[in-house]
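Here's the structure we're looking at; comments come further down.
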Amino acid sequence: MRENGGVTSALEAPATRAHAAVPPRLIATDLDGTLLRDDKSVSPRTVAALAAAEAAGLDVFFVTGRPARWMEVVADHLQGHGLAICGNGAAVVDLHDGPGRHRFAKVREVGHANARETVRLLREAVPGTLFAVEQTYAFHQERAYPRIFVEEPDSYGDAEELLAPGGVAASLPVLKLLAFHHDLEPDAFLALARTALGERVTVTRSSPSALLEISGPGVSKASTLALCCAERGISPAEVVAFGDMPNDVEMLTWAGRAYAMGNAHPDALRAAGRQTAGNNEDGVALVIEEILADLP
């Protein structure tokens, strides 16, 4: 999205968190609209910045709404830990053997019964909603659900049938439900869904279209990143985070130092308190370079 054109220096915004001056130990970055350019490439400057951060001893975690099978674009830039947070926090994925042969190190699923009830409630509240089901190793969709990406689903069917006991989606964990509406404005659809579903699930979005991403209760990029950091003895104050869309808000709020991209959604800008250049202008690399220059 390109809703905010103004860009300030990466380090010009005031330190809105008291612990923002703590030396960083981990960089957490979204991919689409943040680390990746609009053509889905990683620029040479960004590649160099990621390598320099690793050489300086900083961990780099890719924290994305993408499923694990779409991680080829950054597979060559993972650090030694080989881990990425996918599906808006629904999974921690070990990509050591490549995205096509990935292993799920942590799964935070929606639950089939909860997914079925979520479909029922959202259909009643917002008629015309269409669904797809994202699982660990499968993807299913309703026939009227748009082919947003060039990907053939594993099967077609009504969401209620896909998720039913004995249905084709019954044997694998449900990581996310995707909900699409042809006629609603994206933020309006998001607000309606959050009202209808309450705390049953976590509802967010990262697409410019009216496409919602629905995870289990309490599951977000921030909550799963917090688990990964706790396992490594890393505090929020030691994390620098980057994002651009509503699905990044919790992570940007949680991190000790956070940056919204120059192309970010207004909600991400408010959550971050700082702004860097846009994704096509290497905004993440700009901040990493400045951070490394300030390290002792």
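Chain labels follow the order of the structure tokens: the first chain is A, the next B, and so on; residue numbering restarts at 1 in every chain, and ligands are counted from 1 in their shown order.
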| message | Give me, as a PyMOL selection string, the residues of stretch 50-123 of chain A that a backbone DSSP run labels helix (DSSP H, G or I). | response | chain A and resi 50-55+68-70+72-77+87-89+99-101+112-123
| message | Quick check for you: according to DSSP on this backbone, which residues of stretch 76-193 of chain A are classed as strand (DSSP E)? Reply as a ChimeraX atom specification. | response | /A:83-86,91-94,103-107,130-135,139-141,155-156,174-180
| task | Write out as a PyMOL selection string which residues come within 12 Å of stretch 157-161 of chain A when counting only C-alpha atoms, dropping same-chain ones fewer than 6 positions away. | result | chain A and resi 112-123+129-134+139-145+167-170+174+177-179
| task | Just the residues within 7 Å of stretch 171-173 of chain A, please, counting only C-alpha atoms, with nothing from its chain fewer than 4 positions along; format it as a list in words. | result |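 Near neighbours after the sequence-gap exclusion: Glu109, Gly111, Gln135 and Thr136 of chain A.
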Residues from the last selection, all heavy atoms, saved as a short mmCIF file (atom, residue, chain, number, x, y, z; two decimals), in the first residue's frame:
```cif
data_model
loop_
_atom_site.label_atom_id
_atom_site.label_comp_id
_atom_site.auth_asym_id
_atom_site.auth_seq_id
_atom_site.Cartn_x
_atom_site.Cartn_y
_atom_site.Cartn_z
N GLU A 109 -2.13 -23.80 16.23
CA GLU A 109 -3.23 -23.99 15.29
C GLU A 109 -4.53 -23.31 15.74
O GLU A 109 -4.69 -22.95 16.92
CB GLU A 109 -3.48 -25.47 15.06
CG GLU A 109 -3.82 -26.26 16.31
CD GLU A 109 -3.92 -27.74 16.04
OE1 GLU A 109 -4.83 -28.13 15.27
OE2 GLU A 109 -3.10 -28.51 16.57
N GLY A 111 -7.51 -24.91 15.42
CA GLY A 111 -8.38 -25.97 15.94
C GLY A 111 -9.57 -26.13 15.00
O GLY A 111 -10.20 -25.15 14.60
N GLN A 135 -3.13 -25.06 5.89
CA GLN A 135 -2.69 -26.08 6.83
C GLN A 135 -1.17 -26.23 6.76
O GLN A 135 -0.50 -25.58 5.96
CB GLN A 135 -3.38 -27.41 6.54
CG GLN A 135 -4.89 -27.34 6.70
CD GLN A 135 -5.55 -28.69 6.65
OE1 GLN A 135 -5.85 -29.20 5.58
NE2 GLN A 135 -5.79 -29.28 7.83
N THR A 136 -0.64 -27.09 7.61
CA THR A 136 0.81 -27.27 7.63
C THR A 136 1.35 -27.67 6.27
O THR A 136 2.33 -27.10 5.78
CB THR A 136 1.20 -28.30 8.69
OG1 THR A 136 0.34 -29.45 8.57
CG2 THR A 136 1.10 -27.72 10.09
#
```
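Across the structure, atom CA of A:Glu250 and atom CA of A:Leu192 are spaced 19.4 Å apart.
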A:Ala241 environment, 6 Å, only C-alpha atoms, sequence neighbours closer than 6 positions dropped, as a PDB file with N, CA, C and O atoms, in the first residue's frame:
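New file selection.pdb:
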```
ATOM      1  N   ILE A  27      16.944  -8.826  15.073  1.00  0.00           N
ATOM      2  CA  ILE A  27      16.187  -8.045  14.095  1.00  0.00           C
ATOM      3  C   ILE A  27      15.039  -8.920  13.604  1.00  0.00           C
ATOM      4  O   ILE A  27      15.254 -10.040  13.133  1.00  0.00           O
ATOM      5  N   ALA A  28      13.821  -8.426  13.713  1.00  0.00           N
ATOM      6  CA  ALA A  28      12.624  -9.141  13.261  1.00  0.00           C
ATOM      7  C   ALA A  28      11.990  -8.344  12.138  1.00  0.00           C
ATOM      8  O   ALA A  28      11.594  -7.190  12.342  1.00  0.00           O
ATOM      9  N   THR A  29      11.907  -8.935  10.967  1.00  0.00           N
ATOM     10  CA  THR A  29      11.383  -8.177   9.830  1.00  0.00           C
ATOM     11  C   THR A  29      10.321  -8.945   9.061  1.00  0.00           C
ATOM     12  O   THR A  29      10.455 -10.142   8.785  1.00  0.00           O
ATOM     13  N   LEU A 252       5.208  -4.608  16.121  1.00  0.00           N
ATOM     14  CA  LEU A 252       5.788  -3.276  16.199  1.00  0.00           C
ATOM     15  C   LEU A 252       5.569  -2.654  17.567  1.00  0.00           C
ATOM     16  O   LEU A 252       6.414  -1.898  18.062  1.00  0.00           O
ATOM     17  N   ALA A 258      10.996  -0.059  16.923  1.00  0.00           N
ATOM     18  CA  ALA A 258      10.183  -0.504  15.800  1.00  0.00           C
ATOM     19  C   ALA A 258      10.125   0.566  14.720  1.00  0.00           C
ATOM     20  O   ALA A 258      10.078   1.767  15.016  1.00  0.00           O
TER      21      ALA A 258
END
```
